[in-house]
Amino acid sequence: MAKNNMSDFIDVHALIKTYLSKWYWFVISVILCVGIGFLYCRVHQRPMAIRAHVLIQQDDSNPMADLGGMGSLFGSKGYVEDEVFVIASHSLFSSVAKELGINRLHYVRDGFLKSHLAFPEYPVDVVAPGIADTLMSTIVFKIKVDENGLADIKAKVKRDVIADVEDVKLPAQVKTIYGDFTVLTTPDYVKGRELKTTVSFSGYGVAAEELDTEIRAFRGSKKSNVICLTFDTPNVEYGVAVLDKIIEKYNERGIVEKNLQGEKTEAFLRDRIQLLASDLNESESAIQQYKERNGIIDVNAEASYQTGKKGQTENALFNVEKEIELLKLTREFLADSLNYSDLIPTTVASGAVQGGINSYNALVFKRLELSQNAKQNSYAIRQLTKQMDLMRANLLTSSEKALENATVNLNKLMLEKNEITGKLSNIPTQERE
């Protein structure tokens with residue numbers, strides 16, 4: 001039993017002493033790991049996720065629409081899927097690269113093993129008119145400018161050096177097997193300061209292929225009409241500019257296609273109209289001569305107009321007759337002394353009479369409230385009674401005048417109705433002729 005205890009005993013002091021004897025390996029490991037982490041952080045920039053969404057407007061030509069809710073089981077139309085390919089097409093990316101000039105990417109050295117993608121401002125640029133249209137490779141220009149403004153320029157394609165010039169003033173021309181390139185400074189260049197920069201010059205087609213690998217276009221969901229665009233890049237301004245330009249060029253392409261379709265439709269209609277014009281001209285001339293000889297117009301339009309006018313007149317007659325009856329009831333109510341302290345129950349169309357009725361009813365309410373708390377011979381009740389007498393007389397006069405006006409209007413409408421009825425009775429004969 002004692003032997004087992006002795007075998008399980010660990011000499012911690014001896015173990016620590018052994019580790020301390022190899023202390024330099026621990027130091028070397030820590031320094032090496034910290035150095036590797038430092039170099040990785042210096043070389044690799046943290047990309048930022050840029051997102052954009054495009055809503056696709058669709059027409060109502062879905063053949064599944066007639067099935068009601070069944071159409072939604074299959075998601076939105078295939079038109080959205082087609083537009084995903086359009087917005088991420090090589091030709092669209094190529095036009096974006098050409099318009100933004102991002103076939104030339106500028107990387108400026110910030111320090112030891114550290115550089116950043118410069119956009120939209122950069123100190124040095126490389127231009128070569130016409131070469132980017134056909135260039136199928138990527139040329140990397142490494143440019144070093146000293147404090148005196150003298151530049152060393154080295155151009156490489158993959159690992160092959162195709163041009164190497166030293167101590168030249170900018171702008172400088174660099175001759176290569178692909179053509180002549182000009183390296184020049186921009187307004188953002190700072191004189192008297194040492195500069196190290198790299199310009200990656202590609203053809204528009206190559207730049208479009210790079211965008212195709214970096215930008216992802218996909219449909220938001222099976223039932224949505226939204227296209228999502230994602231772009232991971234360390235330069236936020238660069239990513240936003242690229243996605244905005246993609247959406248802009250996509251919209252421009254849609255406008256061009258719609259305009260082209262409209263032009264084709266216009267040309268088709270114009271040709272058909274010219275073919276029909278001569279035939280219709282003969283027929284219309286014959287109809288015109290017949291109408292001139294018989295002194296008639298469009299019988300159907302005249303019948304429709306007179307029928308609608310008759311309906312409006314009959315409706316107006318009904319309203320006037322109703323108004324006359326209400327005015328008569330109001331007049332009789334006002335003339336009856338038994339209704340002295342009662343509310344006037346009628347509602348008339350005449351604004352003056354109805355306003356008087358509302359004011360009179362308000363006085364009746366007020367008098368009823370006072371009579372509950374005051375004597376009948378009190379001063380307030382006597383004043384209200386005088387006002388009611390005066391207003392009742394005015395209302396009687398106003399209702400008489402309104403009744404006279406309504407009667408005149410009724411007679412005019414009756415004459416108009418008779419005239420319309422006479423015209424309608426002649427339409428069947430004219431239509432037959």
# chains A, B, ... in the order shown; residues from 1 in each chain; ligands from 1
call {"tool": "residues_around", "arguments": {"residues": "Asp167 in chain A", "least_positions_apart": "6", "cutoff": "10 Å", "atoms": "only C-alpha atoms", "output": "VMD selection string"}}
result
chain A and resid 144 to 146 148 to 153
call {"tool": "select_by_dssp", "arguments": {"residues": "range 92-208 of chain A", "states": "helix (DSSP H, G or I)", "output": "CSV table (one decimal) with C-alpha atoms, in the first residue's frame"}}
result
chain,number,residue,atom,x,y,z
A,92,LEU,CA,-23.7,45.3,-66.7
A,93,PHE,CA,-20.6,44.8,-64.4
A,94,SER,CA,-18.4,45.8,-67.4
A,95,SER,CA,-20.3,49.1,-67.8
A,96,VAL,CA,-20.1,49.7,-64.1
A,97,ALA,CA,-16.3,49.2,-64.1
A,98,LYS,CA,-15.9,51.5,-67.1
A,99,GLU,CA,-18.1,54.3,-65.7
A,100,LEU,CA,-16.5,54.2,-62.2
A,204,TYR,CA,-13.1,46.1,-68.3
A,205,GLY,CA,-13.9,42.5,-68.9
A,206,VAL,CA,-11.4,41.3,-66.3
A,207,ALA,CA,-12.8,43.9,-63.8
A,208,ALA,CA,-16.3,42.6,-64.5
call {"tool": "residues_around", "arguments": {"residues": "Ile87 in chain A", "least_positions_apart": "2", "cutoff": "10 Å", "atoms": "only C-alpha atoms", "output": "PyMOL selection string"}}
result
chain A and resi 54+82-85+89-93+217-218+227+229+246-247+249-251+253
call {"tool": "residues_around", "arguments": {"residues": "Val127 in chain A", "least_positions_apart": "5", "cutoff": "10 Å", "atoms": "only C-alpha atoms", "output": "ChimeraX atom specification"}}
result
/A:104,132,173,180-184,201
call {"tool": "residues_around", "arguments": {"residues": "Ile177 in chain A", "least_positions_apart": "4", "cutoff": "12 Å", "atoms": "only C-alpha atoms", "output": "list in words"}}
result
Ile131, Leu135, Ser137, Ile139, Ala155, Lys156, Val157, Asp160, Val161, Ile162, Ala163 and Phe181 of chain A
call {"tool": "write_last_selection", "arguments": {"atoms": "C-alpha atoms", "output": "mmCIF file, in the first residue's frame"}}
result
data_model
loop_
_atom_site.group_PDB
_atom_site.id
_atom_site.type_symbol
_atom_site.label_atom_id
_atom_site.label_comp_id
_atom_site.auth_asym_id
_atom_site.auth_seq_id
_atom_site.Cartn_x
_atom_site.Cartn_y
_atom_site.Cartn_z
ATOM 1 C CA ILE A 131 -6.312 49.688 -73.935
ATOM 2 C CA LEU A 135 -6.905 44.106 -72.295
ATOM 3 C CA SER A 137 -4.816 40.659 -68.253
ATOM 4 C CA ILE A 139 -0.988 44.788 -64.980
ATOM 5 C CA ALA A 155 5.053 46.969 -64.141
ATOM 6 C CA LYS A 156 4.358 43.257 -63.696
ATOM 7 C CA VAL A 157 1.906 40.752 -65.147
ATOM 8 C CA ASP A 160 6.803 38.686 -65.134
ATOM 9 C CA VAL A 161 8.260 42.207 -65.154
ATOM 10 C CA ILE A 162 7.207 43.927 -68.382
ATOM 11 C CA ALA A 163 8.540 47.416 -67.656
ATOM 12 C CA PHE A 181 0.694 53.747 -70.229
#
call {"tool": "select_by_dssp", "arguments": {"residues": "range 54-265 of chain A", "states": "strand (DSSP E or B)", "output": "ChimeraX atom specification"}}
result
/A:54-55,104-111,114-118,124-127,138-145,150-157,160-169,172-176,179-185,195-202,215-219,226-233
call {"tool": "atom_distance", "arguments": {"atom1": "CA of Asp232 in chain A", "atom2": "CA of Glu248 in chain A"}}
result
19.5 Å
call {"tool": "residues_around", "arguments": {"residues": "Ile344 in chain A", "least_positions_apart": "5", "cutoff": "8 Å", "atoms": "only C-alpha atoms", "output": "PDB file with N, CA and C atoms, in the first residue's frame"}}
result
ATOM      1  N   THR A 330     -93.978  73.810 -42.427  1.00  0.00           N
ATOM      2  CA  THR A 330     -93.346  74.793 -41.538  1.00  0.00           C
ATOM      3  C   THR A 330     -94.238  76.027 -41.383  1.00  0.00           C
ATOM      4  N   PHE A 333     -97.148  75.179 -39.217  1.00  0.00           N
ATOM      5  CA  PHE A 333     -96.728  75.045 -37.830  1.00  0.00           C
ATOM      6  C   PHE A 333     -96.547  76.420 -37.176  1.00  0.00           C
ATOM      7  N   ILE A 357     -84.866  78.381 -38.153  1.00  0.00           N
ATOM      8  CA  ILE A 357     -85.464  77.297 -37.369  1.00  0.00           C
ATOM      9  C   ILE A 357     -84.510  76.864 -36.255  1.00  0.00           C
ATOM     10  N   TYR A 360     -84.495  79.516 -33.579  1.00  0.00           N
ATOM     11  CA  TYR A 360     -85.751  79.500 -32.830  1.00  0.00           C
ATOM     12  C   TYR A 360     -85.787  78.328 -31.854  1.00  0.00           C
ATOM     13  N   ASN A 361     -85.378  77.142 -32.317  1.00  0.00           N
ATOM     14  CA  ASN A 361     -85.369  75.973 -31.447  1.00  0.00           C
ATOM     15  C   ASN A 361     -84.417  76.154 -30.278  1.00  0.00           C
TER      16      ASN A 361
END
call {"tool": "atom_distance", "arguments": {"atom1": "CA of Glu81 in chain A", "atom2": "CA of Gly254 in chain A"}}
result
15.3 Å
call {"tool": "residues_around", "arguments": {"residues": "Asp336 in chain A", "least_positions_apart": "6", "cutoff": "12 Å", "atoms": "only C-alpha atoms", "output": "PyMOL selection string"}}
result
chain A and resi 329-330+342+344+392-393+396
call {"tool": "closest_atom_pairs", "arguments": {"of": "range 380-412 of chain A", "to": "range 307-325 of chain A", "cutoff": "9 Å", "atoms": "only C-alpha atoms", "output": "CSV"}}
result
residue,atom,partner,partner_atom,distance
A:Ala402,CA,A:Ile324,CA,8.5
A:Leu403,CA,A:Ile324,CA,6.0
A:Glu404,CA,A:Ile324,CA,8.9
A:Ala406,CA,A:Ile324,CA,6.3
A:Thr407,CA,A:Ile324,CA,7.2
A:Asn409,CA,A:Val320,CA,7.5
A:Leu410,CA,A:Val320,CA,6.2
call {"tool": "write_last_selection", "arguments": {"atoms": "C-alpha atoms", "output": "mmCIF file, in the first residue's frame"}}
result
data_model
loop_
_atom_site.group_PDB
_atom_site.id
_atom_site.type_symbol
_atom_site.label_atom_id
_atom_site.label_comp_id
_atom_site.auth_asym_id
_atom_site.auth_seq_id
_atom_site.Cartn_x
_atom_site.Cartn_y
_atom_site.Cartn_z
ATOM 1 C CA ALA A 402 -88.918 80.339 -49.956
ATOM 2 C CA LEU A 403 -92.233 78.692 -50.896
ATOM 3 C CA GLU A 404 -92.745 81.191 -53.727
ATOM 4 C CA ALA A 406 -89.661 76.808 -54.883
ATOM 5 C CA THR A 407 -92.977 77.052 -56.776
ATOM 6 C CA ASN A 409 -88.498 76.524 -59.767
ATOM 7 C CA LEU A 410 -91.038 73.711 -59.918
#
call {"tool": "atom_distance", "arguments": {"atom1": "CA of Pro187 in chain A", "atom2": "CA of Val108 in chain A"}}
result
15.2 Å
call {"tool": "closest_residue", "arguments": {"among": "A:Glu166, A:Glu209, A:Glu237, A:Glu263", "to": "Ala118 in chain A", "atoms": "only C-alpha atoms"}}
result
A:Glu237
